[in-house]
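Reviewing the structure listed below.
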Amino acid sequence: MSNKIITLVFFLSMSVLNGTAQNVYTLKNRNIDFSVDSQGNLVSLKNNQTGQDYASGEPMWRLYYDRSGEKEIQVLAKNNQPQITQSGNEISIVYNNLKSKNETIKFGLTLRMVLEENMVRFSSRIHNNEPHTIIRELQYPLVGNIQTPDDHKLLFTQKGGHIYPDAKKKIHSTDFSYRGPDHHFRSLKVTYPIGVAANCYALMGEEQGLYFGSHDQTFQSTCHGLRLYPDTNGDFEELESGLYKYPNCQFDESWENDANVIAPYNGDWHQTAKLYRAWANTWWNPSEPPVWVKEMIGFQRMILKHQNGERLFSYDEFATRIKDAGKSVGINVAFPFGWWNSGMDNGYPDSYYETDPTQGGDKAWKKAVADYQKDGGKVIMYYNGKLIDKESDYYVNGEGKDVSYRNSSGTEMNEAYKFPGEGTFSGLFNPRSFVVANANDPRWHQQLQKMADHAFELGANCVFYDQMGYAESITNWDLSKEFPVPDLQVILNKAEAMKKIHDYIDKRDKEMAIGIEWITDVTSQHVDFVHGIFGAGTAGTGNRHTNFIDWFRYTFPEVIITFRDLDGNESDVEWQSNRAAMLGLRSNLQTFRLRGLIDETPRLQQHQAKVNKLIEKYNSLMLLGTYCDTEGFSIDNKAIEARSYINGNRMAIIMTHKQNKALTANLQVPGYRYVESDCVGEATVMNESHVTIGENGLLVIIFRKL
């Protein structure tokens, strides 16, 4: 070999090490290999611990803007040539202008990729120099034609967690509309925080996966988007995953974001929770719930008077029949709806201040509450945290019109709630109509405070604000500029409103609790419990096959969550009740959609009484301990579900299964010794590690650290 050839080989080798060979720019550490080419395409996103490379040379971004008369005009990375530089652990991609539809648009776009220890951070900066335009959407980062092993499943955090076994099949199964551009791509998208509990998702396998997170302390709306594009055969099989943000950047404005991250990780899904929690710890500051809430096994919910005027339960029955029904299963907390005169979902917010005069009004209702509280009973008082009835005095003659959300045309956001009776007319033709209050409006904060004052006046132990744990898909719009812009920080507004109310309540009585509906990370820290919405079925089984509340329970074990969707007449009530107990979810006793009581469903009543007795026996671990999911032990039978709890030097392992036969397993708990066990149904523990659990069995085993 000649000296010239040797010199050339050496030069190319050094270029590769510096990350610039063949116009490829590379960031690399012991965990991740990340590379882009001269076009800015993603050519490597590699897990260096496993060798899995998820990239395939596709573009990393696309952008959409509006003009008067045309919306969502697309700008593609492939049509634009960037300037790329690399310095240390950072790659910068700069576009001084962008091309769209054969014209040059004066949009400045700067993208930065920063390699951190276990993730890549994707920063972006936009400046709009193009008159009469608004940059609505930036989809970045994108991983196109993503290369995933066959075992990778899709993890979303809807309602606390959902798993879809096959992302492509899930997208293909989604209903498509002639209104959409389905000839170009098929899509699946969920948007934080609209029913989504955390701002992350993942493609996950048993031993590795790819995590997408928006670690964004503005808590602005973020779309978790997946698309299927046609391959060379025209089949929609090329999967793209990414994060979408909404700059709403008008002429002569700038917008920045450095929150989006992607992490190729090692291990199972628990690593996604650890990645998210590590970020959440930078802002997570939960309040300490009253002791009675932490020790609450659950509550029973019922509607006293329905929307159509039907009285289901009287004030006199509240501390008698209703209380007795709860006692029959070991529940001493009641959560009544429709206790006001006009009935459920009527007249908000005025209706709360008028009890039923035919039953004795305020005096009778206060007495019913006080009577229920004898012997330690607790009462949660319901209020709606966002709805304003359009027939209420607050709307007709007060502030209601001014504090309600306005859409892009300046008209009110309306929601309709209709609860049919035994006929059909009300359900079909006569819904109750509401507007939605702006959670960021100080005037509405005064109403929320007034509700808390009223709960105190009635003698309640807790004030509950319905519908305050999630963001609406339609929100308040600012109409003051050339293009209307929505408020995309609704969940932060709600969280701050709840913090103000919580602080206000604490100044009066720290034993007074506050609860909300729906699970979202930022709101959950400012309340004492969350009324969840999900089924308890294991991911991959039953009608609730996608539910995986396990994700949120493990990520935020401090949050007290109720199990909502067991109504008493399901075919698998024992399994659902057992699994909810295993996951540490508080019981929600509702029967026939809150029109009945637990004593009307004897099968659930009998089983729930046994389960709650077991929880009460081991409440120091099952209620007051820290939920650790499947950590700290191992079990050799995957058909048996088991979870661990730690409190001091003790550990509880809770085990159950869904099979209609007895199952056995060997249990290993390193560093602990067996203390005792108890169960619901048939279950045994032999030689401290060999367990047998019968049909509908729930087993609790206690260990102490060596």
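Residue numbers start at 1 in each chain; chains themselves are named A, B, ... in the order of the structure tokens; ligands are numbered from 1 in the order shown.
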
Show which residues sit within 12 Å of Leu142 (chain A), as a ChimeraX atom specification. Count only C-alpha atoms, and ignore same-chain residues fewer than 5 positions away.
/A:40-43,45,54-63,76-77,122,212,224-227,239-245,260-262

Any idea what's packed within 9 Å of Asp478 (chain A), counting only C-alpha atoms, ignoring anything in its chain fewer than 2 positions away? Could you give it as a ChimeraX atom specification?
/A:406-408,410,476,480-481,483-487

Using only C-alpha atoms, determine which residues lie at most 9 Å from Ile135 (chain A), disregarding the query and same-chain residues fewer than 6 positions distant; provide the list as number ranges by chain.
A: 63-66, 72, 107, 126, 128, 246-251

In region 307-358 of chain A, DSSP alpha helix (DSSP H) residues written as an mmCIF file with N, CA and C atoms, in the first residue's frame:
```cif
data_model
loop_
_atom_site.group_PDB
_atom_site.id
_atom_site.type_symbol
_atom_site.label_atom_id
_atom_site.label_comp_id
_atom_site.auth_asym_id
_atom_site.auth_seq_id
_atom_site.Cartn_x
_atom_site.Cartn_y
_atom_site.Cartn_z
ATOM 1 N N TYR A 315 -82.720 12.390 52.570
ATOM 2 C CA TYR A 315 -81.772 12.803 53.601
ATOM 3 C C TYR A 315 -81.835 11.857 54.789
ATOM 4 N N ASP A 316 -83.031 11.396 55.138
ATOM 5 C CA ASP A 316 -83.183 10.501 56.290
ATOM 6 C C ASP A 316 -82.460 9.176 56.083
ATOM 7 N N GLU A 317 -82.312 8.756 54.818
ATOM 8 C CA GLU A 317 -81.659 7.477 54.549
ATOM 9 C C GLU A 317 -80.139 7.584 54.554
ATOM 10 N N LYS A 323 -75.591 4.460 55.179
ATOM 11 C CA LYS A 323 -74.482 4.174 56.090
ATOM 12 C C LYS A 323 -74.370 2.684 56.376
ATOM 13 N N ASP A 324 -75.501 2.026 56.556
ATOM 14 C CA ASP A 324 -75.491 0.583 56.834
ATOM 15 C C ASP A 324 -74.945 -0.207 55.646
ATOM 16 N N ALA A 325 -75.280 0.234 54.433
ATOM 17 C CA ALA A 325 -74.763 -0.451 53.245
ATOM 18 C C ALA A 325 -73.246 -0.366 53.202
ATOM 19 N N GLY A 326 -72.707 0.803 53.506
ATOM 20 C CA GLY A 326 -71.254 0.942 53.540
ATOM 21 C C GLY A 326 -70.621 0.095 54.626
ATOM 22 N N LYS A 327 -71.245 0.095 55.806
ATOM 23 C CA LYS A 327 -70.721 -0.696 56.916
ATOM 24 C C LYS A 327 -70.660 -2.181 56.577
#
```

Excluding region 701-706 of chain A and residues on its chain fewer than 2 positions from it, collect all residues at most 10 Å away from it, counting only C-alpha atoms, and give them as a PyMOL selection string.
chain A and resi 618+621+644-655+669-679+684-685+688-689+691+699
